[in-house]
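Text of model.pdb (PDB, C-alpha atoms and all ligand atoms) as supplied:
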ATOM      1  CA  MET A  23     -22.113  15.411 -14.711
ATOM      2  CA  ILE A  24     -18.638  15.103 -13.139
ATOM      3  CA  GLY A  25     -17.065  18.463 -12.381
ATOM      4  CA  LYS A  26     -20.065  20.475 -13.581
ATOM      5  CA  ILE A  27     -23.098  21.941 -11.924
ATOM      6  CA  SER A  28     -25.883  20.930 -14.214
ATOM      7  CA  GLN A  29     -29.215  22.687 -14.103
ATOM      8  CA  PRO A  30     -32.085  20.295 -13.513
ATOM      9  CA  LEU A  31     -34.754  20.206 -16.153
ATOM     10  CA  TRP A  32     -38.165  19.873 -14.600
ATOM     11  CA  ALA A  33     -39.886  16.708 -15.609
ATOM     12  CA  ASN A  34     -43.616  16.854 -15.813
ATOM     13  CA  GLN A  35     -44.201  13.855 -13.600
ATOM     14  CA  SER A  36     -47.651  12.386 -13.609
ATOM     15  CA  ARG A  37     -47.680   9.734 -10.936
ATOM     16  CA  THR A  38     -50.292   7.105 -10.335
ATOM     17  CA  ASN A  39     -51.905   6.743  -6.920
ATOM     18  CA  SER A  40     -49.989   3.546  -6.207
ATOM     19  CA  GLN A  41     -46.697   5.367  -6.859
ATOM     20  CA  ARG A  42     -47.801   8.153  -4.537
ATOM     21  CA  GLN A  43     -48.452   5.696  -1.731
ATOM     22  CA  LEU A  44     -44.807   4.690  -1.891
ATOM     23  CA  SER A  45     -43.850   8.234  -0.894
ATOM     24  CA  PHE A  46     -42.496   8.125   2.614
ATOM     25  CA  GLY A  47     -40.146  11.077   2.643
ATOM     26  CA  SER A  48     -40.236  14.683   3.682
ATOM     27  CA  ASN A  49     -40.413  15.484  -0.015
ATOM     28  CA  TYR A  50     -41.115  13.385  -3.073
ATOM     29  CA  ARG A  51     -39.910  15.116  -6.141
ATOM     30  CA  ALA A  52     -38.318  13.955  -9.368
ATOM     31  CA  TYR A  53     -36.477  15.837 -12.078
ATOM     32  CA  SER A  54     -34.456  14.870 -15.088
ATOM     33  CA  THR A  55     -30.865  15.860 -15.747
ATOM     34  CA  ARG A  56     -29.193  16.084 -19.067
ATOM     35  CA  ASN A  57     -25.713  14.700 -19.565
ATOM     36  CA  ALA A  58     -23.615  17.661 -20.773
ATOM     37  CA  LYS A  59     -21.553  15.393 -23.012
ATOM     38  CA  ASP A  60     -24.567  13.725 -24.514
ATOM     39  CA  PRO A  61     -27.510  16.149 -24.858
ATOM     40  CA  TYR A  62     -29.824  13.315 -25.899
ATOM     41  CA  SER A  63     -29.335  11.296 -22.754
ATOM     42  CA  TYR A  64     -31.526  12.094 -19.773
ATOM     43  CA  SER A  65     -31.535  10.480 -16.388
ATOM     44  CA  LEU A  66     -34.180  10.772 -13.739
ATOM     45  CA  MET A  67     -33.130  12.090 -10.321
ATOM     46  CA  GLU A  68     -35.096  12.167  -7.111
ATOM     47  CA  THR A  69     -34.688  14.556  -4.215
ATOM     48  CA  THR A  70     -36.657  12.234  -1.937
ATOM     49  CA  THR A  71     -35.343  12.035   1.586
ATOM     50  CA  CYS A  72     -36.665  11.857   5.136
ATOM     51  CA  MET A  73     -35.703  12.127   8.777
ATOM     52  CA  PHE A  74     -34.092   8.943  10.174
ATOM     53  CA  ARG A  75     -34.111   7.296   6.720
ATOM     54  CA  ASP A  76     -34.103   3.719   7.845
ATOM     55  CA  ASP A  77     -31.522   2.083   5.581
ATOM     56  CA  ILE A  78     -29.003   2.649   8.385
ATOM     57  CA  SER A  79     -29.235   2.345  12.143
ATOM     58  CA  TRP A  80     -28.738   5.948  13.279
ATOM     59  CA  ILE A  81     -28.054   4.899  16.871
ATOM     60  CA  ALA A  82     -25.440   2.313  15.865
ATOM     61  CA  LEU A  83     -23.846   4.739  13.383
ATOM     62  CA  THR A  84     -23.639   7.602  15.912
ATOM     63  CA  LYS A  85     -22.232   5.360  18.647
ATOM     64  CA  PHE A  86     -19.699   4.018  16.180
ATOM     65  CA  LEU A  87     -18.614   7.557  15.154
ATOM     66  CA  ILE A  88     -18.315   8.725  18.772
ATOM     67  CA  ASN A  89     -16.098   5.774  19.607
ATOM     68  CA  HIS A  90     -14.126   5.818  16.364
ATOM     69  CA  PHE A  91     -13.318   9.543  16.654
ATOM     70  CA  LYS A  92     -13.073   9.738  20.452
ATOM     71  CA  LYS A  93      -9.448  10.924  20.393
ATOM     72  CA  ALA A  94      -9.983  13.404  17.543
ATOM     73  CA  GLU A  95     -10.172  17.099  18.349
ATOM     74  CA  LYS A  96     -12.059  17.877  15.147
ATOM     75  CA  VAL A  97     -14.160  15.739  12.823
ATOM     76  CA  GLN A  98     -15.130  17.095   9.427
ATOM     77  CA  ILE A  99     -18.528  15.863   8.275
ATOM     78  CA  LEU A 100     -19.319  16.191   4.575
ATOM     79  CA  ASN A 101     -22.832  15.611   3.295
ATOM     80  CA  PRO A 102     -22.982  15.804  -0.493
ATOM     81  CA  ALA A 103     -26.405  15.208  -2.096
ATOM     82  CA  CYS A 104     -27.990  16.513   1.100
ATOM     83  CA  SER A 105     -31.471  17.156  -0.361
ATOM     84  CA  ASP A 106     -33.585  19.250   2.068
ATOM     85  CA  GLY A 107     -31.179  18.689   5.000
ATOM     86  CA  SER A 108     -33.165  15.930   6.723
ATOM     87  CA  GLU A 109     -30.235  13.543   7.126
ATOM     88  CA  ALA A 110     -27.760  16.215   8.295
ATOM     89  CA  TYR A 111     -30.321  17.291  10.925
ATOM     90  CA  THR A 112     -30.926  13.661  11.909
ATOM     91  CA  LEU A 113     -27.213  13.106  12.514
ATOM     92  CA  ILE A 114     -26.741  16.327  14.514
ATOM     93  CA  MET A 115     -29.713  15.518  16.756
ATOM     94  CA  MET A 116     -28.295  12.033  17.387
ATOM     95  CA  ILE A 117     -24.799  13.386  18.161
ATOM     96  CA  LYS A 118     -26.267  15.959  20.542
ATOM     97  CA  GLU A 119     -28.397  13.319  22.236
ATOM     98  CA  LEU A 120     -25.536  10.827  22.654
ATOM     99  CA  ASP A 121     -22.442  13.027  23.097
ATOM    100  CA  ASN A 122     -23.630  16.584  23.715
ATOM    101  CA  LYS A 123     -20.488  17.787  25.470
ATOM    102  CA  ASN A 124     -18.310  16.957  22.438
ATOM    103  CA  SER A 125     -20.867  17.824  19.772
ATOM    104  CA  GLN A 126     -19.106  21.025  18.640
ATOM    105  CA  LYS A 127     -16.123  19.098  17.309
ATOM    106  CA  TYR A 128     -18.353  17.649  14.565
ATOM    107  CA  LEU A 129     -19.855  20.992  13.503
ATOM    108  CA  PRO A 130     -20.612  22.627  11.178
ATOM    109  CA  ILE A 131     -21.526  19.872   8.727
ATOM    110  CA  LYS A 132     -20.675  20.891   5.162
ATOM    111  CA  ALA A 133     -23.591  19.924   2.950
ATOM    112  CA  CYS A 134     -24.206  20.391  -0.763
ATOM    113  CA  ASP A 135     -26.688  19.497  -3.444
ATOM    114  CA  ILE A 136     -26.673  20.058  -7.165
ATOM    115  CA  ASP A 137     -30.347  20.961  -7.322
ATOM    116  CA  GLU A 138     -31.152  24.626  -6.817
ATOM    117  CA  GLU A 139     -34.752  24.109  -5.750
ATOM    118  CA  ILE A 140     -33.993  21.559  -3.030
ATOM    119  CA  LEU A 141     -31.135  23.718  -1.807
ATOM    120  CA  ARG A 142     -33.521  26.654  -1.482
ATOM    121  CA  ALA A 143     -35.655  24.361   0.694
ATOM    122  CA  ALA A 144     -32.629  23.332   2.771
ATOM    123  CA  ASN A 145     -31.608  26.952   3.324
ATOM    124  CA  SER A 146     -35.115  27.942   4.405
ATOM    125  CA  GLY A 147     -34.759  26.220   7.788
ATOM    126  CA  LEU A 148     -38.123  24.599   7.178
ATOM    127  CA  ILE A 149     -38.665  20.867   6.917
ATOM    128  CA  LYS A 150     -41.723  19.153   5.562
ATOM    129  CA  THR A 151     -42.612  16.139   7.634
ATOM    130  CA  THR A 152     -44.933  13.229   7.073
ATOM    131  CA  LYS A 153     -46.548  11.413   9.981
ATOM    132  CA  ASN A 154     -43.892   8.741   9.539
ATOM    133  CA  ASP A 155     -41.101  11.360   9.906
ATOM    134  CA  ARG A 156     -42.669  12.674  13.111
ATOM    135  CA  ILE A 157     -43.084   9.193  14.609
ATOM    136  CA  LYS A 158     -39.413   8.447  13.928
ATOM    137  CA  ILE A 159     -38.328  11.783  15.430
ATOM    138  CA  GLN A 160     -40.380  11.177  18.577
ATOM    139  CA  THR A 161     -39.156   7.619  19.047
ATOM    140  CA  ASN A 162     -35.492   8.572  18.668
ATOM    141  CA  ILE A 163     -35.329  11.938  20.451
ATOM    142  CA  LYS A 164     -36.516  12.415  24.038
ATOM    143  CA  ASP A 165     -37.436  16.075  23.682
ATOM    144  CA  PHE A 166     -37.533  16.951  20.007
ATOM    145  CA  THR A 167     -38.807  20.498  20.713
ATOM    146  CA  LYS A 168     -35.159  21.388  21.455
ATOM    147  CA  TYR A 169     -34.541  21.048  17.732
ATOM    148  CA  LEU A 170     -37.822  21.429  15.859
ATOM    149  CA  LYS A 171     -40.675  23.896  16.370
ATOM    150  CA  LYS A 172     -44.229  24.155  15.087
ATOM    151  CA  THR A 173     -44.758  26.949  12.593
ATOM    152  CA  ASN A 174     -47.520  28.448  10.499
ATOM    153  CA  GLU A 175     -45.093  28.871   7.603
ATOM    154  CA  LYS A 176     -45.481  26.440   4.708
ATOM    155  CA  LEU A 177     -42.593  25.022   2.747
ATOM    156  CA  ASN A 178     -43.547  24.520  -0.879
ATOM    157  CA  ILE A 179     -41.052  22.642  -3.010
ATOM    158  CA  LEU A 180     -41.555  22.801  -6.759
ATOM    159  CA  ASN A 181     -42.881  19.536  -8.239
ATOM    160  CA  ASP A 182     -43.067  17.871  -4.839
ATOM    161  CA  THR A 183     -45.910  15.394  -5.091
ATOM    162  CA  LEU A 184     -46.247  15.281  -1.301
ATOM    163  CA  CYS A 185     -47.612  18.819  -1.541
ATOM    164  CA  GLU A 186     -50.740  17.458  -3.082
ATOM    165  CA  LYS A 187     -53.537  17.428  -0.567
ATOM    166  CA  ASP A 188     -54.947  14.037  -1.493
ATOM    167  CA  SER A 189     -51.619  12.255  -1.103
ATOM    168  CA  ALA A 190     -50.529  13.900   2.129
ATOM    169  CA  PRO A 191     -53.296  15.140   4.413
ATOM    170  CA  ASN A 192     -51.116  14.740   7.527
ATOM    171  CA  ASN A 193     -48.020  16.550   6.318
ATOM    172  CA  LYS A 194     -46.737  19.396   8.464
ATOM    173  CA  THR A 195     -44.020  21.963   7.981
ATOM    174  CA  LEU A 196     -41.695  22.279  10.995
ATOM    175  CA  LYS A 197     -39.048  24.902  11.631
ATOM    176  CA  VAL A 198     -35.578  23.877  12.788
ATOM    177  CA  THR A 199     -34.164  25.911  15.660
ATOM    178  CA  ASP A 200     -31.408  28.436  14.892
ATOM    179  CA  GLU A 201     -28.923  26.247  16.767
ATOM    180  CA  LEU A 202     -29.683  23.281  14.511
ATOM    181  CA  LYS A 203     -29.813  25.396  11.348
ATOM    182  CA  ASN A 204     -26.459  27.025  12.131
ATOM    183  CA  SER A 205     -24.875  23.596  12.532
ATOM    184  CA  VAL A 206     -25.031  22.948   8.777
ATOM    185  CA  GLU A 207     -23.635  24.970   5.854
ATOM    186  CA  PHE A 208     -25.701  24.310   2.731
ATOM    187  CA  LYS A 209     -24.068  25.197  -0.587
ATOM    188  CA  ARG A 210     -24.876  24.393  -4.186
ATOM    189  CA  ASN A 211     -22.191  22.086  -5.505
ATOM    190  CA  ASP A 212     -21.574  18.861  -7.322
ATOM    191  CA  LEU A 213     -20.532  15.971  -5.086
ATOM    192  CA  PHE A 214     -17.366  15.358  -7.126
ATOM    193  CA  ASN A 215     -16.355  19.030  -6.860
ATOM    194  CA  MET A 216     -16.929  18.918  -3.119
ATOM    195  CA  LEU A 217     -14.770  15.834  -2.727
ATOM    196  CA  ARG A 218     -12.056  17.181  -5.012
ATOM    197  CA  GLY A 219     -11.833  20.398  -2.974
ATOM    198  CA  HIS A 220     -11.721  18.608   0.374
ATOM    199  CA  LYS A 221      -8.598  18.721   2.519
ATOM    200  CA  ASP A 222      -8.671  15.876   4.978
ATOM    201  CA  ASN A 223      -7.693  16.615   8.554
ATOM    202  CA  ALA A 224      -7.411  12.842   9.079
ATOM    203  CA  ASN A 225     -10.902  12.670  10.574
ATOM    204  CA  THR A 226     -13.490  12.857   7.844
ATOM    205  CA  PHE A 227     -16.953  11.387   7.853
ATOM    206  CA  LEU A 228     -18.449  11.366   4.363
ATOM    207  CA  MET A 229     -22.216  10.904   4.289
ATOM    208  CA  CYS A 230     -23.058  10.441   0.609
ATOM    209  CA  ARG A 231     -26.268   8.502   0.421
ATOM    210  CA  ASN A 232     -28.807   7.352  -2.103
ATOM    211  CA  VAL A 233     -27.344   9.328  -4.969
ATOM    212  CA  LEU A 234     -24.695   6.931  -6.360
ATOM    213  CA  GLY A 235     -27.491   4.663  -7.565
ATOM    214  CA  HIS A 236     -28.403   7.405 -10.063
ATOM    215  CA  LEU A 237     -24.882   7.627 -11.512
ATOM    216  CA  THR A 238     -23.119   5.687 -14.242
ATOM    217  CA  ASP A 239     -20.757   2.829 -13.420
ATOM    218  CA  ARG A 240     -17.797   5.014 -14.412
ATOM    219  CA  GLU A 241     -18.914   7.784 -12.058
ATOM    220  CA  VAL A 242     -19.443   5.345  -9.188
ATOM    221  CA  ARG A 243     -15.955   3.939  -9.649
ATOM    222  CA  ARG A 244     -14.560   7.493  -9.860
ATOM    223  CA  PHE A 245     -16.318   8.302  -6.573
ATOM    224  CA  ALA A 246     -14.595   5.381  -4.801
ATOM    225  CA  GLU A 247     -11.256   6.293  -6.349
ATOM    226  CA  LEU A 248     -11.607   9.962  -5.350
ATOM    227  CA  ALA A 249     -12.665   9.000  -1.827
ATOM    228  CA  HIS A 250      -9.562   6.828  -1.562
ATOM    229  CA  LYS A 251      -7.364   9.666  -2.807
ATOM    230  CA  LYS A 252      -8.883  12.491  -0.763
ATOM    231  CA  LEU A 253      -9.670  10.759   2.530
ATOM    232  CA  ASP A 254      -7.046   9.769   5.059
ATOM    233  CA  ASN A 255      -6.796   6.382   6.691
ATOM    234  CA  LYS A 256      -9.588   5.746   9.269
ATOM    235  CA  SER A 257     -12.006   8.095   7.508
ATOM    236  CA  VAL A 258     -15.577   6.843   7.407
ATOM    237  CA  ILE A 259     -18.058   6.712   4.516
ATOM    238  CA  VAL A 260     -21.760   5.971   4.696
ATOM    239  CA  ILE A 261     -23.832   5.181   1.608
ATOM    240  CA  GLY A 262     -27.446   4.026   1.202
ATOM    241  CA  ASP A 263     -29.336   0.857   0.296
ATOM    242  CA  PHE A 264     -30.305   2.441  -3.019
ATOM    243  CA  ASP A 265     -26.603   2.829  -3.924
ATOM    244  CA  ARG A 266     -25.723  -0.752  -3.027
ATOM    245  CA  LYS A 267     -28.705  -2.196  -4.858
ATOM    246  CA  HIS A 268     -28.142  -0.328  -8.115
ATOM    247  CA  THR A 269     -24.353  -0.156  -8.443
ATOM    248  CA  ASP A 270     -21.112  -2.032  -7.768
ATOM    249  CA  ILE A 271     -20.132   0.517  -5.106
ATOM    250  CA  GLU A 272     -19.469  -2.193  -2.482
ATOM    251  CA  HIS A 273     -17.012  -3.845  -4.797
ATOM    252  CA  TYR A 274     -15.294  -0.545  -5.667
ATOM    253  CA  LEU A 275     -15.024   0.540  -2.020
ATOM    254  CA  ARG A 276     -13.432  -2.807  -1.172
ATOM    255  CA  GLU A 277     -11.049  -2.403  -4.057
ATOM    256  CA  TYR A 278     -10.003   0.991  -2.651
ATOM    257  CA  ASN A 279      -9.374  -0.347   0.888
ATOM    258  CA  PHE A 280     -12.656   0.579   2.538
ATOM    259  CA  LYS A 281     -13.777  -2.045   5.034
ATOM    260  CA  ASN A 282     -17.464  -2.602   5.784
ATOM    261  CA  VAL A 283     -18.147  -2.163   9.521
ATOM    262  CA  LEU A 284     -21.920  -1.672   9.764
ATOM    263  CA  ARG A 285     -24.762  -1.775   7.257
ATOM    264  CA  ASN A 286     -23.774   0.803   4.586
ATOM    265  CA  VAL A 287     -20.832   2.091   6.692
ATOM    266  CA  TYR A 288     -17.194   1.739   5.545
ATOM    267  CA  VAL A 289     -13.858   2.702   7.112
ATOM    268  CA  LYS A 290     -10.731   3.398   5.120
ATOM    269  CA  ASP A 291      -8.271   0.849   6.345
ATOM    270  CA  GLU A 292      -4.981   0.752   4.471
ATOM    271  CA  LYS A 293      -3.866  -2.242   6.520
ATOM    272  CA  SER A 294      -6.739  -4.519   5.636
ATOM    273  CA  LEU A 295      -5.833  -7.157   3.081
ATOM    274  CA  GLN A 296      -7.935  -6.472   0.034
ATOM    275  CA  PHE A 297      -8.378  -8.352  -3.211
ATOM    276  CA  GLY A 298      -5.833  -6.017  -4.847
ATOM    277  CA  ASP A 299      -3.226  -6.951  -2.217
ATOM    278  CA  ILE A 300      -3.963 -10.643  -2.564
ATOM    279  CA  LEU A 301      -3.495 -10.360  -6.296
ATOM    280  CA  GLN A 302      -0.271  -8.379  -5.766
ATOM    281  CA  ASP A 303       1.072 -11.053  -3.360
ATOM    282  CA  TYR A 304       0.228 -13.720  -5.887
ATOM    283  CA  LEU A 305       2.002 -11.786  -8.666
ATOM    284  CA  ASN A 306       5.066 -11.219  -6.449
ATOM    285  CA  ASP A 307       5.243 -14.964  -5.649
ATOM    286  CA  TYR A 308       4.848 -15.734  -9.302
ATOM    287  CA  ARG A 309       7.683 -13.338 -10.236
ATOM    288  CA  VAL A 310       9.995 -14.876  -7.585
ATOM    289  CA  GLN A 311       9.219 -18.356  -8.881
ATOM    290  CA  ALA A 312       9.688 -17.267 -12.476
ATOM    291  CA  ARG A 313      13.069 -15.713 -11.673
ATOM    292  CA  THR A 314      14.187 -18.746  -9.656
ATOM    293  CA  SER A 315      13.214 -21.142 -12.373
ATOM    294  CA  SER A 316      15.169 -19.225 -14.971
ATOM    295  CA  PHE A 317      18.449 -20.131 -13.202
TER
HETATM  296  C1  LIG B 401     -32.517  10.616  -3.501
HETATM  297  S1  LIG B 401     -31.824  12.129  -2.861
HETATM  298  C2  LIG B 401     -30.955  11.496  -1.452
HETATM  299  C3  LIG B 401     -30.977  12.478  -0.322
HETATM  300  C4  LIG B 401     -30.278  12.006   0.950
HETATM  301  N1  LIG B 401     -28.869  11.867   0.741
HETATM  302  C5  LIG B 401     -30.860  10.728   1.483
HETATM  303  O1  LIG B 401     -30.253   9.666   1.378
HETATM  304  O2  LIG B 401     -31.988  10.773   2.003
HETATM  305  C6  LIG B 401     -30.507  12.420  -4.022
HETATM  306  C7  LIG B 401     -30.016  13.872  -4.021
HETATM  307  O3  LIG B 401     -28.798  13.946  -4.751
HETATM  308  C8  LIG B 401     -28.780  15.188  -5.461
HETATM  309  N2  LIG B 401     -27.760  15.062  -6.521
HETATM  310  C9  LIG B 401     -27.835  14.386  -7.682
HETATM  311  N3  LIG B 401     -26.674  14.431  -8.350
HETATM  312  C10 LIG B 401     -25.825  15.159  -7.606
HETATM  313  C11 LIG B 401     -24.469  15.562  -7.760
HETATM  314  N4  LIG B 401     -23.767  15.200  -8.824
HETATM  315  N5  LIG B 401     -23.913  16.296  -6.786
HETATM  316  C12 LIG B 401     -24.620  16.669  -5.689
HETATM  317  N6  LIG B 401     -25.913  16.327  -5.489
HETATM  318  C13 LIG B 401     -26.513  15.570  -6.433
HETATM  319  C14 LIG B 401     -30.209  15.331  -5.929
HETATM  320  O4  LIG B 401     -30.520  16.659  -6.298
HETATM  321  C15 LIG B 401     -30.961  14.844  -4.699
HETATM  322  O5  LIG B 401     -31.289  15.899  -3.824
END
Translate this structure into structure tokens?
Amino acid sequence: MIGKISQPLWANQSRTNSQRQLSFGSNYRAYSTRNAKDPYSYSLMETTTCMFRDDISWIALTKFLINHFKKAEKVQILNPACSDGSEAYTLIMMIKELDNKNSQKYLPIKACDIDEEILRAANSGLIKTTKNDRIKIQTNIKDFTKYLKKTNEKLNILNDTLCEKDSAPNNKTLKVTDELKNSVEFKRNDLFNMLRGHKDNANTFLMCRNVLGHLTDREVRRFAELAHKKLDNKSVIVIGDFDRKHTDIEHYLREYNFKNVLRNVYVKDEKSLQFGDILQDYLNDYRVQARTSSF
């Protein structure tokens, strides 16, 4: 999958009722991808996402970013694997609520997804919401009508099991305001391509969540390595619970000098003493001793 835009192959998903009840997102849709190098290997991908996905504290994250980048004139936010745009919209609403006068320096967010269908949904400016989404929006945002409007339009996403009436009687499509929509650029791209093409202005926030858990160990390691190479010191990365649970990403980020500061949030910190440095110090000591003892 690295370096290529692969076309998703639609999986005919028949889900049981108990699986459906687990659906909490603004969409619940699965597809399979084929590994270009190995046509017989398939892996299952999900486009599931939601507003205020609760594997991070959005308030703590936004306050951290505002403080961390307070001296920066411009902050570049990248959101690969953006799905229908829910998390980019969540972040913009939080930034506007907590630091409205400086909000422009974070915009536009550059977002991408590999899946054509979910990108079509993201570009529509429509968001499907469950009751849970709407409760989270109302508890976090004082006046959410500044950002989201009622609409009679319906967003239908291919193979989205939340479309089914029996599983989602309370779902509603909302329309994001032009201001919110224009704050994000959605493009079809592979996350590795996006990262490879990125030129860091020393203030990058990379929001790449709940996709690494679908990748191979080699790809996850490559992601950490690429992030280290492409992002300047003090850049921030946020991943998801799904990524931490299913991969060694924490270990790889540590190895590449990213320091954990909040749940799922890491800062590139070249000064922090990492395992690699400790090992290097040990080897240097060893070499000095070896040389000394040879006299
Ligand atoms: C489970 S969703 C996560 C959405 C969102 N980031 C979140 O945490 O709620 C994973 C998304 O990653 C996308 N994706 C999978 N592989 C990708 C790749 N190589 N590059 C970009 N997007 C990818 C999928 O199409 C899907 O929309």
Per-residue nearest contacts chain A to ligand LIG 401 (chain B), cut-off 7 Å, using only C-alpha atoms and all ligand atoms, as a Markdown table:
| residue | atom | partner | partner_atom | distance |
| --- | --- | --- | --- | --- |
| A:Met23 | CA | B:LIG401 | N4 | 6.1 |
| A:Ile24 | CA | B:LIG401 | N4 | 6.7 |
| A:Met67 | CA | B:LIG401 | C14 | 6.2 |
| A:Glu68 | CA | B:LIG401 | C1 | 4.7 |
| A:Thr69 | CA | B:LIG401 | O5 | 3.7 |
| A:Thr70 | CA | B:LIG401 | C1 | 4.7 |
| A:Thr71 | CA | B:LIG401 | O2 | 3.6 |
| A:Cys72 | CA | B:LIG401 | O2 | 5.7 |
| A:Arg75 | CA | B:LIG401 | O2 | 6.2 |
| A:Pro102 | CA | B:LIG401 | C12 | 5.5 |
| A:Ala103 | CA | B:LIG401 | N6 | 3.6 |
| A:Cys104 | CA | B:LIG401 | N1 | 4.7 |
| A:Ser105 | CA | B:LIG401 | O5 | 3.7 |
| A:Glu109 | CA | B:LIG401 | O2 | 6.1 |
| A:Cys134 | CA | B:LIG401 | C12 | 6.2 |
| A:Asp135 | CA | B:LIG401 | N6 | 3.9 |
| A:Ile136 | CA | B:LIG401 | N6 | 4.2 |
| A:Asp137 | CA | B:LIG401 | O4 | 4.4 |
| A:Ile140 | CA | B:LIG401 | O5 | 6.3 |
| A:Asn211 | CA | B:LIG401 | C12 | 5.9 |
| A:Asp212 | CA | B:LIG401 | N5 | 3.5 |
| A:Leu213 | CA | B:LIG401 | N5 | 3.8 |
| A:Phe214 | CA | B:LIG401 | N5 | 6.6 |
| A:Cys230 | CA | B:LIG401 | N1 | 6.0 |
| A:Arg231 | CA | B:LIG401 | O1 | 4.3 |
| A:Asn232 | CA | B:LIG401 | O1 | 4.4 |
| A:Val233 | CA | B:LIG401 | C6 | 4.5 |
| A:Gly262 | CA | B:LIG401 | O1 | 6.3 |
To one decimal in Å, tell me the separation between atom CA of A:Leu113 and atom CA of A:Thr84.
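Atom-to-atom, atom CA of A:Leu113 to atom CA of A:Thr84, that is 7.4 Å.
One distance worth recording is that between atom CA of A:Lys197 and atom CA of A:Tyr53, which is 25.5 Å.
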So what does the PyMOL selection byres (((chain A and resi 248) around 12) and not hetatm) actually pick up in this one, as a PyMOL selection string?
chain A and resi 24+213-220+228+241-247+249-254+274-275+278
Write a file of the selected residues as a short mmCIF file (atom, residue, chain, number, x, y, z; two decimals), in the coordinates of the input, keeping C-alpha atoms.
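Resulting contents of result.cif:
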data_model
loop_
_atom_site.label_atom_id
_atom_site.label_comp_id
_atom_site.auth_asym_id
_atom_site.auth_seq_id
_atom_site.Cartn_x
_atom_site.Cartn_y
_atom_site.Cartn_z
CA ILE A 24 -18.64 15.10 -13.14
CA LEU A 213 -20.53 15.97 -5.09
CA PHE A 214 -17.37 15.36 -7.13
CA ASN A 215 -16.36 19.03 -6.86
CA MET A 216 -16.93 18.92 -3.12
CA LEU A 217 -14.77 15.83 -2.73
CA ARG A 218 -12.06 17.18 -5.01
CA GLY A 219 -11.83 20.40 -2.97
CA HIS A 220 -11.72 18.61 0.37
CA LEU A 228 -18.45 11.37 4.36
CA GLU A 241 -18.91 7.78 -12.06
CA VAL A 242 -19.44 5.34 -9.19
CA ARG A 243 -15.96 3.94 -9.65
CA ARG A 244 -14.56 7.49 -9.86
CA PHE A 245 -16.32 8.30 -6.57
CA ALA A 246 -14.60 5.38 -4.80
CA GLU A 247 -11.26 6.29 -6.35
CA ALA A 249 -12.66 9.00 -1.83
CA HIS A 250 -9.56 6.83 -1.56
CA LYS A 251 -7.36 9.67 -2.81
CA LYS A 252 -8.88 12.49 -0.76
CA LEU A 253 -9.67 10.76 2.53
CA ASP A 254 -7.05 9.77 5.06
CA TYR A 274 -15.29 -0.55 -5.67
CA LEU A 275 -15.02 0.54 -2.02
CA TYR A 278 -10.00 0.99 -2.65
#
Shortest contact to A:Val260, candidates A:Leu180, A:Leu129, A:Met229, A:Leu120, atoms counted all atoms listed in the file, goes to A:Met229
Compile a residue-level contact table for stretch 98-152 of chain A against stretch 171-175 of chain A at a cut-off of 12 Å, reporting for every qualifying residue the shortest atom pair and its distance in Å to one decimal, with only C-alpha atoms counted, rows ordered by chain and ascending number, as JSON lines.
{"residue": "A:Ser146", "atom": "CA", "partner": "A:Glu175", "partner_atom": "CA", "distance": 10.5}
{"residue": "A:Gly147", "atom": "CA", "partner": "A:Glu175", "partner_atom": "CA", "distance": 10.7}
{"residue": "A:Leu148", "atom": "CA", "partner": "A:Glu175", "partner_atom": "CA", "distance": 8.2}
{"residue": "A:Ile149", "atom": "CA", "partner": "A:Lys171", "partner_atom": "CA", "distance": 10.1}
{"residue": "A:Lys150", "atom": "CA", "partner": "A:Glu175", "partner_atom": "CA", "distance": 10.5}
{"residue": "A:Thr151", "atom": "CA", "partner": "A:Lys172", "partner_atom": "CA", "distance": 11.1}
Interatomic distance, atom CA of A:Arg240 to atom CA of A:Thr55 (Å, one decimal):
17.0 Å
So that I can see what lies close to stretch 156-163 of chain A, please list as an MDAnalysis selection string the residues with an atom at most 8 Å from it, counting all atoms listed in the file and leaving out residues fewer than 2 positions away in the same chain.
chainID A and resid 73:74 115:116 119 151:154 165:166
Using all atoms listed in the file, which of the listed residues (A:Ile131, A:Leu284, A:Leu177, A:Ile261) sits closest to A:Thr112?
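Looking only at the distances to A:Thr112, the closest residue turns out to be A:Ile131.
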Around (-9.3, 12.7, 5.9) in the file's frame, which residues reach within 7 Å when counting all atoms listed in the file? Return as a list in words?
Lys221, Asp222, Asn223, Ala224, Asn225, Thr226, Lys252, Leu253, Asp254, Asn255 and Ser257 of chain A
Given 6 Å of margin on each side, can you work out the centre and size in Å (one decimal) of an axis-aligned box holding every listed atom of stretch 143-151 of chain A, as lines of an AutoDock Vina configuration file?
center_x = -37.1
center_y = 22.0
center_z = 4.2
size_x = 23.0
size_y = 23.8
size_z = 19.1
Using all atoms listed in the file, list the residues that have an atom at most 10 Å from (-31.2, 0.2, -1.7), coordinates as in the file, as a VMD selection string.
chain A and resid 77 231 to 232 235 261 to 269 286
